[in-house]
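With mmCIF, C-alpha atoms inside, this is upload.cif:
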data_start
#
loop_
_atom_site.group_PDB
_atom_site.id
_atom_site.type_symbol
_atom_site.label_atom_id
_atom_site.label_comp_id
_atom_site.auth_asym_id
_atom_site.auth_seq_id
_atom_site.Cartn_x
_atom_site.Cartn_y
_atom_site.Cartn_z
ATOM 1 C CA MET A 1 -0.832 -9.116 -3.183
ATOM 2 C CA ASP A 2 -0.848 -9.943 0.543
ATOM 3 C CA VAL A 3 2.360 -7.943 1.025
ATOM 4 C CA VAL A 4 0.840 -4.923 -0.727
ATOM 5 C CA LEU A 5 -2.329 -5.040 1.376
ATOM 6 C CA ASP A 6 -0.321 -5.462 4.591
ATOM 7 C CA PHE A 7 1.901 -2.515 3.660
ATOM 8 C CA LEU A 8 -1.103 -0.316 2.884
ATOM 9 C CA GLY A 9 -2.760 -1.272 6.163
ATOM 10 C CA THR A 10 0.450 -0.465 8.047
ATOM 11 C CA PHE A 11 0.733 2.874 6.262
ATOM 12 C CA PHE A 12 -2.867 3.894 6.929
ATOM 13 C CA PHE A 13 -2.650 3.008 10.605
ATOM 14 C CA ALA A 14 0.760 4.714 10.867
ATOM 15 C CA ILE A 15 -0.772 7.894 9.430
ATOM 16 C CA SER A 16 -3.380 7.864 12.195
ATOM 17 C CA GLY A 17 -0.640 7.418 14.797
ATOM 18 C CA SER A 18 1.476 10.223 13.385
ATOM 19 C CA LEU A 19 -1.553 12.518 13.214
ATOM 20 C CA LEU A 20 -2.282 11.878 16.877
ATOM 21 C CA ALA A 21 1.380 12.501 17.702
ATOM 22 C CA ALA A 22 1.203 15.849 15.895
ATOM 23 C CA ARG A 23 -1.939 16.844 17.777
ATOM 24 C CA ARG A 24 -0.271 15.925 21.067
ATOM 25 C CA GLY A 25 2.782 18.034 20.229
ATOM 26 C CA PHE A 26 5.251 15.128 19.867
ATOM 27 C CA ASP A 27 8.517 15.653 18.003
ATOM 28 C CA ILE A 28 9.300 13.881 14.724
ATOM 29 C CA VAL A 29 10.883 10.910 16.508
ATOM 30 C CA GLY A 30 7.783 10.505 18.643
ATOM 31 C CA SER A 31 5.680 10.711 15.501
ATOM 32 C CA VAL A 32 7.629 7.884 13.845
ATOM 33 C CA LEU A 33 7.484 5.736 16.975
ATOM 34 C CA LEU A 34 3.760 6.257 17.578
ATOM 35 C CA GLY A 35 3.084 5.625 13.899
ATOM 36 C CA ALA A 36 5.157 2.434 14.029
ATOM 37 C CA LEU A 37 3.376 1.253 17.162
ATOM 38 C CA THR A 38 0.002 1.875 15.548
ATOM 39 C CA GLY A 39 0.848 0.396 12.171
ATOM 40 C CA LEU A 40 2.784 -2.639 13.332
ATOM 41 C CA GLY A 41 1.391 -3.364 16.797
ATOM 42 C CA GLY A 42 -1.655 -5.399 15.823
ATOM 43 C CA GLY A 43 0.312 -7.552 13.385
ATOM 44 C CA VAL A 44 3.083 -8.201 15.892
ATOM 45 C CA VAL A 45 0.548 -9.322 18.515
ATOM 46 C CA ARG A 46 -1.091 -11.635 15.957
ATOM 47 C CA ASP A 47 2.194 -13.164 14.837
ATOM 48 C CA LEU A 48 3.413 -13.737 18.386
ATOM 49 C CA ILE A 49 0.184 -15.607 19.141
ATOM 50 C CA LEU A 50 0.662 -17.639 15.953
ATOM 51 C CA GLY A 51 4.260 -18.406 16.939
ATOM 52 C CA VAL A 52 5.873 -16.957 13.808
ATOM 53 C CA THR A 53 8.371 -14.181 13.175
ATOM 54 C CA PRO A 54 6.412 -10.900 13.024
ATOM 55 C CA THR A 55 5.887 -9.677 9.474
ATOM 56 C CA ALA A 56 7.417 -6.339 10.462
ATOM 57 C CA PHE A 57 10.761 -8.092 10.905
ATOM 58 C CA SER A 58 10.565 -10.836 8.279
ATOM 59 C CA GLN A 59 9.603 -8.253 5.622
ATOM 60 C CA PRO A 60 11.461 -5.046 6.581
ATOM 61 C CA ILE A 61 9.667 -3.065 3.860
ATOM 62 C CA HIS A 62 6.889 -2.620 6.416
ATOM 63 C CA LEU A 63 9.230 -0.587 8.604
ATOM 64 C CA ALA A 64 9.319 2.062 5.876
ATOM 65 C CA ALA A 65 5.589 2.742 6.258
ATOM 66 C CA PRO A 66 5.799 4.595 9.627
ATOM 67 C CA VAL A 67 8.702 6.698 8.354
ATOM 68 C CA ALA A 68 6.754 7.639 5.227
ATOM 69 C CA ALA A 69 3.653 8.372 7.307
ATOM 70 C CA ALA A 70 5.540 10.631 9.732
ATOM 71 C CA ALA A 71 7.157 12.492 6.817
ATOM 72 C CA LEU A 72 3.788 12.971 5.120
ATOM 73 C CA VAL A 73 2.198 14.334 8.290
ATOM 74 C CA PHE A 74 5.225 16.567 8.921
ATOM 75 C CA PHE A 75 5.010 18.249 5.524
ATOM 76 C CA LEU A 76 1.232 18.268 5.087
ATOM 77 C CA ASP A 77 0.141 18.907 8.683
ATOM 78 C CA PRO A 78 -1.411 22.369 8.001
ATOM 79 C CA ALA A 79 -3.530 20.825 5.255
ATOM 80 C CA VAL A 80 -4.653 17.748 7.193
ATOM 81 C CA GLU A 81 -5.413 19.794 10.295
ATOM 82 C CA ARG A 82 -8.087 21.592 8.283
ATOM 83 C CA MET A 83 -9.794 18.201 7.950
ATOM 84 C CA PRO A 84 -10.687 17.327 11.572
ATOM 85 C CA HIS A 85 -11.766 13.755 10.815
ATOM 86 C CA THR A 86 -8.617 12.767 8.915
ATOM 87 C CA LEU A 87 -7.322 10.603 11.760
ATOM 88 C CA LEU A 88 -10.589 8.658 11.877
ATOM 89 C CA VAL A 89 -10.588 8.118 8.115
ATOM 90 C CA PHE A 90 -7.081 6.634 8.076
ATOM 91 C CA ASP A 91 -7.854 4.587 11.169
ATOM 92 C CA ALA A 92 -10.936 3.174 9.433
ATOM 93 C CA ALA A 93 -8.875 2.320 6.344
ATOM 94 C CA GLY A 94 -6.302 0.468 8.438
ATOM 95 C CA LEU A 95 -9.058 -1.324 10.333
ATOM 96 C CA GLY A 96 -10.666 -2.514 7.103
ATOM 97 C CA LEU A 97 -7.452 -3.965 5.720
ATOM 98 C CA PHE A 98 -6.004 -5.478 8.875
ATOM 99 C CA CYS A 99 -9.103 -7.278 10.164
ATOM 100 C CA THR A 100 -9.207 -9.165 6.842
ATOM 101 C CA THR A 101 -5.504 -9.820 6.221
ATOM 102 C CA GLY A 102 -5.068 -10.794 9.874
ATOM 103 C CA ALA A 103 -7.742 -13.474 9.606
ATOM 104 C CA VAL A 104 -6.331 -14.715 6.296
ATOM 105 C CA LYS A 105 -2.840 -15.153 7.722
ATOM 106 C CA ALA A 106 -4.222 -17.136 10.658
ATOM 107 C CA LEU A 107 -6.177 -19.374 8.260
ATOM 108 C CA GLN A 108 -3.097 -19.886 6.087
ATOM 109 C CA LEU A 109 -1.220 -21.117 9.149
ATOM 110 C CA GLY A 110 -3.914 -23.659 9.948
ATOM 111 C CA MET A 111 -5.864 -21.930 12.714
ATOM 112 C CA ASN A 112 -9.486 -22.948 13.164
ATOM 113 C CA PRO A 113 -12.119 -20.502 11.818
ATOM 114 C CA VAL A 114 -13.125 -19.045 15.191
ATOM 115 C CA ALA A 115 -9.532 -18.431 16.255
ATOM 116 C CA ALA A 116 -8.712 -16.966 12.840
ATOM 117 C CA ALA A 117 -11.626 -14.516 13.034
ATOM 118 C CA LEU A 118 -10.611 -13.479 16.553
ATOM 119 C CA LEU A 119 -7.025 -12.913 15.418
ATOM 120 C CA GLY A 120 -8.342 -10.831 12.531
ATOM 121 C CA VAL A 121 -10.156 -8.614 15.028
ATOM 122 C CA ALA A 122 -7.052 -8.428 17.238
ATOM 123 C CA THR A 123 -4.952 -7.407 14.244
ATOM 124 C CA GLY A 124 -7.454 -4.722 13.307
ATOM 125 C CA VAL A 125 -7.942 -3.115 16.712
ATOM 126 C CA GLY A 126 -4.614 -3.884 18.380
ATOM 127 C CA GLY A 127 -2.594 -1.053 16.881
ATOM 128 C CA GLY A 128 -5.270 1.524 17.650
ATOM 129 C CA VAL A 129 -5.480 0.416 21.282
ATOM 130 C CA LEU A 130 -1.695 0.642 21.693
ATOM 131 C CA ARG A 131 -1.698 4.071 20.022
ATOM 132 C CA ASP A 132 -4.358 5.469 22.324
ATOM 133 C CA VAL A 133 -2.825 4.021 25.493
ATOM 134 C CA VAL A 134 0.643 5.385 24.718
ATOM 135 C CA ALA A 135 -0.826 8.778 23.760
ATOM 136 C CA ASN A 136 -2.666 8.793 27.106
ATOM 137 C CA ARG A 137 -6.230 8.858 25.851
ATOM 138 C CA ASP A 138 -9.146 6.477 26.301
ATOM 139 C CA PRO A 139 -8.971 3.768 23.612
ATOM 140 C CA GLN A 140 -11.664 4.042 20.960
ATOM 141 C CA LEU A 141 -12.281 0.330 21.460
ATOM 142 C CA PHE A 142 -13.856 1.046 24.851
ATOM 143 C CA ASP A 143 -15.812 4.165 23.885
ATOM 144 C CA PRO A 144 -19.487 3.421 24.725
ATOM 145 C CA ASP A 145 -20.569 5.824 21.991
ATOM 146 C CA ASP A 146 -18.644 3.997 19.262
ATOM 147 C CA ILE A 147 -18.841 0.587 17.542
ATOM 148 C CA TYR A 148 -15.122 0.405 16.779
ATOM 149 C CA ALA A 149 -14.776 -3.372 17.086
ATOM 150 C CA VAL A 150 -18.071 -4.329 15.410
ATOM 151 C CA PRO A 151 -16.992 -3.566 11.797
ATOM 152 C CA ALA A 152 -13.750 -5.482 12.442
ATOM 153 C CA MET A 153 -15.727 -8.467 13.745
ATOM 154 C CA LEU A 154 -17.968 -8.459 10.669
ATOM 155 C CA GLY A 155 -14.994 -8.135 8.336
ATOM 156 C CA ALA A 156 -12.971 -10.913 9.968
ATOM 157 C CA ALA A 157 -16.014 -13.203 10.066
ATOM 158 C CA SER A 158 -16.883 -12.472 6.424
ATOM 159 C CA ILE A 159 -13.402 -13.219 5.111
ATOM 160 C CA THR A 160 -13.291 -16.413 7.184
ATOM 161 C CA VAL A 161 -16.590 -17.574 5.663
ATOM 162 C CA ALA A 162 -15.268 -16.708 2.192
ATOM 163 C CA TRP A 163 -12.177 -18.829 2.880
ATOM 164 C CA LEU A 164 -14.234 -21.815 4.078
ATOM 165 C CA THR A 165 -16.644 -21.674 1.146
ATOM 166 C CA GLY A 166 -13.941 -21.337 -1.503
ATOM 167 C CA TRP A 167 -14.840 -17.747 -2.398
ATOM 168 C CA TYR A 168 -11.574 -16.288 -1.089
ATOM 169 C CA SER A 169 -9.500 -14.149 -3.438
ATOM 170 C CA PRO A 170 -7.521 -10.903 -3.177
ATOM 171 C CA ALA A 171 -10.491 -9.122 -4.735
ATOM 172 C CA VAL A 172 -12.742 -10.422 -1.956
ATOM 173 C CA VAL A 173 -10.237 -9.148 0.643
ATOM 174 C CA VAL A 174 -10.375 -5.691 -0.930
ATOM 175 C CA ALA A 175 -14.176 -5.808 -1.136
ATOM 176 C CA VAL A 176 -14.599 -6.840 2.509
ATOM 177 C CA GLY A 177 -12.009 -4.291 3.626
ATOM 178 C CA THR A 178 -13.881 -1.578 1.733
ATOM 179 C CA LEU A 179 -17.141 -2.664 3.355
ATOM 180 C CA VAL A 180 -15.577 -2.452 6.825
ATOM 181 C CA PHE A 181 -14.143 0.980 6.000
ATOM 182 C CA THR A 182 -17.527 2.221 4.795
ATOM 183 C CA LEU A 183 -19.396 0.790 7.757
ATOM 184 C CA ARG A 184 -16.940 2.398 10.155
ATOM 185 C CA LEU A 185 -17.359 5.847 8.602
ATOM 186 C CA VAL A 186 -21.147 5.528 8.369
ATOM 187 C CA SER A 187 -21.312 4.531 12.037
ATOM 188 C CA LEU A 188 -19.340 7.632 12.959
ATOM 189 C CA ARG A 189 -21.531 9.826 10.783
ATOM 190 C CA PHE A 190 -24.788 8.632 12.360
ATOM 191 C CA GLY A 191 -23.502 7.967 15.872
ATOM 192 C CA TRP A 192 -24.309 4.254 15.946
ATOM 193 C CA ARG A 193 -23.587 2.437 19.182
ATOM 194 C CA VAL A 194 -24.119 -0.945 20.803
ATOM 195 C CA PRO A 195 -25.975 -1.500 24.111
ATOM 196 C CA ARG A 196 -23.968 -0.787 27.247
ATOM 197 C CA ALA A 197 -22.727 -3.644 29.411
ATOM 198 C CA VAL A 198 -25.263 -2.813 32.132
ATOM 199 C CA ALA A 199 -28.753 -1.432 31.554
ATOM 200 C CA ARG A 200 -29.266 2.035 32.988
ATOM 201 C CA ARG A 201 -30.939 2.045 36.372
ATOM 202 C CA ARG A 202 -34.333 3.678 36.653
ATOM 203 C CA ASP A 203 -32.879 6.436 38.803
ATOM 204 C CA ASP A 204 -30.277 7.174 36.125
ATOM 205 C CA ARG A 205 -32.953 7.468 33.456
ATOM 206 C CA ARG A 206 -34.911 9.933 35.563
ATOM 207 C CA ALA A 207 -31.858 12.145 36.208
#
structure tokens encoding of this file:
Amino acid sequence: MDVVLDFLGTFFFAISGSLLAARRGFDIVGSVLLGALTGLGGGVVRDLILGVTPTAFSQPIHLAAPVAAAALVFFLDPAVERMPHTLLVFDAAGLGLFCTTGAVKALQLGMNPVAAALLGVATGVGGGVLRDVVANRDPQLFDPDDIYAVPAMLGAASITVAWLTGWYSPAVVVAVGTLVFTLRLVSLRFGWRVPRAVARRRDDRRA
């Protein structure tokens, strides 16, 4: 079940990378590479921190996900372009799966709960940050008008608590991932945000 969820997360994130590549006018090779970076990047960072062989290389089936994503975008691009928020939807789906499976893998390898939750967040947001940096746009993670990392934090923390209390199961992973996905989309719909790092000065408020 873990392999299936990891593959789906890789595929969803890879779709978002390939969509961004298409919008930036990249060729098909660039689409595959950006999709691979998005889909696999967060997991590779997590596994390197954990000191294990990255899942992308120990289970090569994951390498097929970016290729499939690039092919799907290539053939269906006119259709998906008519849906302007498609990239955000797939990104939210990948975020929901990876923040949970990332935390679970860290827990399985004996990491303490806090470290496991942090690695879950890193797995969830890492690929998106790499995607945005390579595509030369401001990462969503640092957008002051977005709560990109907050749903990932809640998801990673929730699955860690479920693990510690004995409630963990694949069904719980799916449920938490779905909750993160829903929260992410709702936050985009209603423009939720978190307070800025520095309160606005009085002069700024008057401007």
Among listed residues A:Gly127, A:Gly191, A:Pro60, A:Pro113, nearest Gly9 in chain A (using all atoms listed in the file):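 Counting all atoms listed in the file, the residue closest to Gly9 in chain A is A:Gly127.
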Ala162 in chain A: which residues within 10 Å, counting only C-alpha atoms, same-chain residues fewer than 5 positions away excluded, as number ranges by chain? A: 156-157, 167-169, 172-173, 176
Leu5 in chain A environment, 10 Å, all atoms listed in the file, sequence neighbours closer than 5 positions dropped, as an mmCIF file with C-alpha atoms, keeping the file's coordinate frame:
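Final output, saved to part-v7.cif:
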data_model
loop_
_atom_site.group_PDB
_atom_site.id
_atom_site.type_symbol
_atom_site.label_atom_id
_atom_site.label_comp_id
_atom_site.auth_asym_id
_atom_site.auth_seq_id
_atom_site.Cartn_x
_atom_site.Cartn_y
_atom_site.Cartn_z
ATOM 1 C CA THR A 10 0.450 -0.465 8.047
ATOM 2 C CA PHE A 11 0.733 2.874 6.262
ATOM 3 C CA GLY A 94 -6.302 0.468 8.438
ATOM 4 C CA LEU A 97 -7.452 -3.965 5.720
ATOM 5 C CA PHE A 98 -6.004 -5.478 8.875
ATOM 6 C CA THR A 100 -9.207 -9.165 6.842
ATOM 7 C CA THR A 101 -5.504 -9.820 6.221
ATOM 8 C CA PRO A 170 -7.521 -10.903 -3.177
ATOM 9 C CA VAL A 173 -10.237 -9.148 0.643
ATOM 10 C CA VAL A 174 -10.375 -5.691 -0.930
ATOM 11 C CA GLY A 177 -12.009 -4.291 3.626
#
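Remark: for Val89 in chain A, the closest of the candidate residues A:Ser58, A:Ser187, A:Thr123, A:Gln108 is A:Ser187 (distances computed over all atoms listed in the file).
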From the list A:Val67, A:Leu185, A:Leu37, A:Ile15, which residue is nearest Val134 in chain A when using only C-alpha atoms?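 Checking each candidate against Val134 in chain A, we get A:Leu37 as the closest.
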Let me know the residues the PyMOL selection byres ((chain A and resi 90) around 8) catches in the file above, as a list in words. Phe12, Phe13, Ile15, Ser16, Thr86, Leu87, Leu88, Val89, Asp91, Ala92, Ala93 and Gly94 of chain A
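One finds CA of Leu164 in chain A at 28.6 Å from CA of His62 in chain A.
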Go ahead and compute the interatomic distance for CA of His85 in chain A and CA of Gly41 in chain A, in Å to one decimal. 22.4 Å
Place a sphere of radius 6 Å on (-3.0, -1.6, 13.9) in the file coordinates and name every protein, DNA or RNA residue with an atom inside or on its surface, counting all atoms listed in the file; give the answer as a list in words.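 Within the cut-off we find Phe13, Thr38, Gly39, Leu40, Gly41, Gly42, Gly124, Val125, Gly126, Gly127 and Gly128 of chain A.
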Spell out the residues picked by the PyMOL selection byres ((chain A and resi 66) around 6) here, as number ranges by chain. A: 14, 32, 35-36, 64-65, 67-69
List the residues selected by the PyMOL selection byres ((chain A and resi 186) around 12) in the file shown, writing them as a list of chain:residue names. A:Leu88, A:Val89, A:Ala92, A:Asp146, A:Ile147, A:Tyr148, A:Pro151, A:Leu179, A:Val180, A:Phe181, A:Thr182, A:Leu183, A:Arg184, A:Leu185, A:Ser187, A:Leu188, A:Arg189, A:Phe190, A:Gly191, A:Trp192, A:Arg193
Close residues, Ala106 in chain A itself excluded, 8 Å, all atoms listed in the file, min 5 positions apart in chain, as a list in words: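 That gives Leu50, Met111, Ala115, Ala116, Leu119 and Gly120 of chain A.
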Just write the chosen residues, C-alpha atoms, as a JSON list (two decimals), in the coordinates of the input.
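Generated output (result-v1.json):
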[["chain", "number", "residue", "atom", "x", "y", "z"],
["A", 50, "LEU", "CA", 0.66, -17.64, 15.95],
["A", 111, "MET", "CA", -5.86, -21.93, 12.71],
["A", 115, "ALA", "CA", -9.53, -18.43, 16.26],
["A", 116, "ALA", "CA", -8.71, -16.97, 12.84],
["A", 119, "LEU", "CA", -7.02, -12.91, 15.42],
["A", 120, "GLY", "CA", -8.34, -10.83, 12.53]]
Using CA of Leu33 in chain A and CA of Arg131 in chain A as the two end points, give the distance in Å to one decimal.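 Calculated distance between CA of Leu33 in chain A and CA of Arg131 in chain A is 9.8 Å.
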Go through A:Gln140, A:Thr178, A:Ser18, A:Thr165 and flag the residue nearest Phe75 in chain A, using all atoms listed in the file for the distances. A:Ser18
Pick the closest to Leu63 in chain A from A:Val133, A:Leu8, A:Ala22, A:Val45: which is it, counting all atoms listed in the file?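 Checking each candidate against Leu63 in chain A, we get A:Leu8 as the closest.
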Residue nearest Leu95 in chain A - candidates A:Leu118, A:Ala152, A:Leu72, A:Val129, atoms counted: all atoms listed in the file: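 The closest residue to Leu95 in chain A is A:Ala152.
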Distance query Asn136 in chain A at most 12 Å, all atoms listed in the file, self and fewer than 5 positions along chain excluded, as a count of residues only: 7
Report the centre and edge lengths, in Å to one decimal, of an axis-aligned box enclosing every atom of range 129-146 of chain A listed in the file, padded by 8 Å on each side, as AutoDock Vina command-line options.
--center_x -10.0 --center_y 4.6 --center_z 23.2 --size_x 37.2 --size_y 24.5 --size_z 23.8
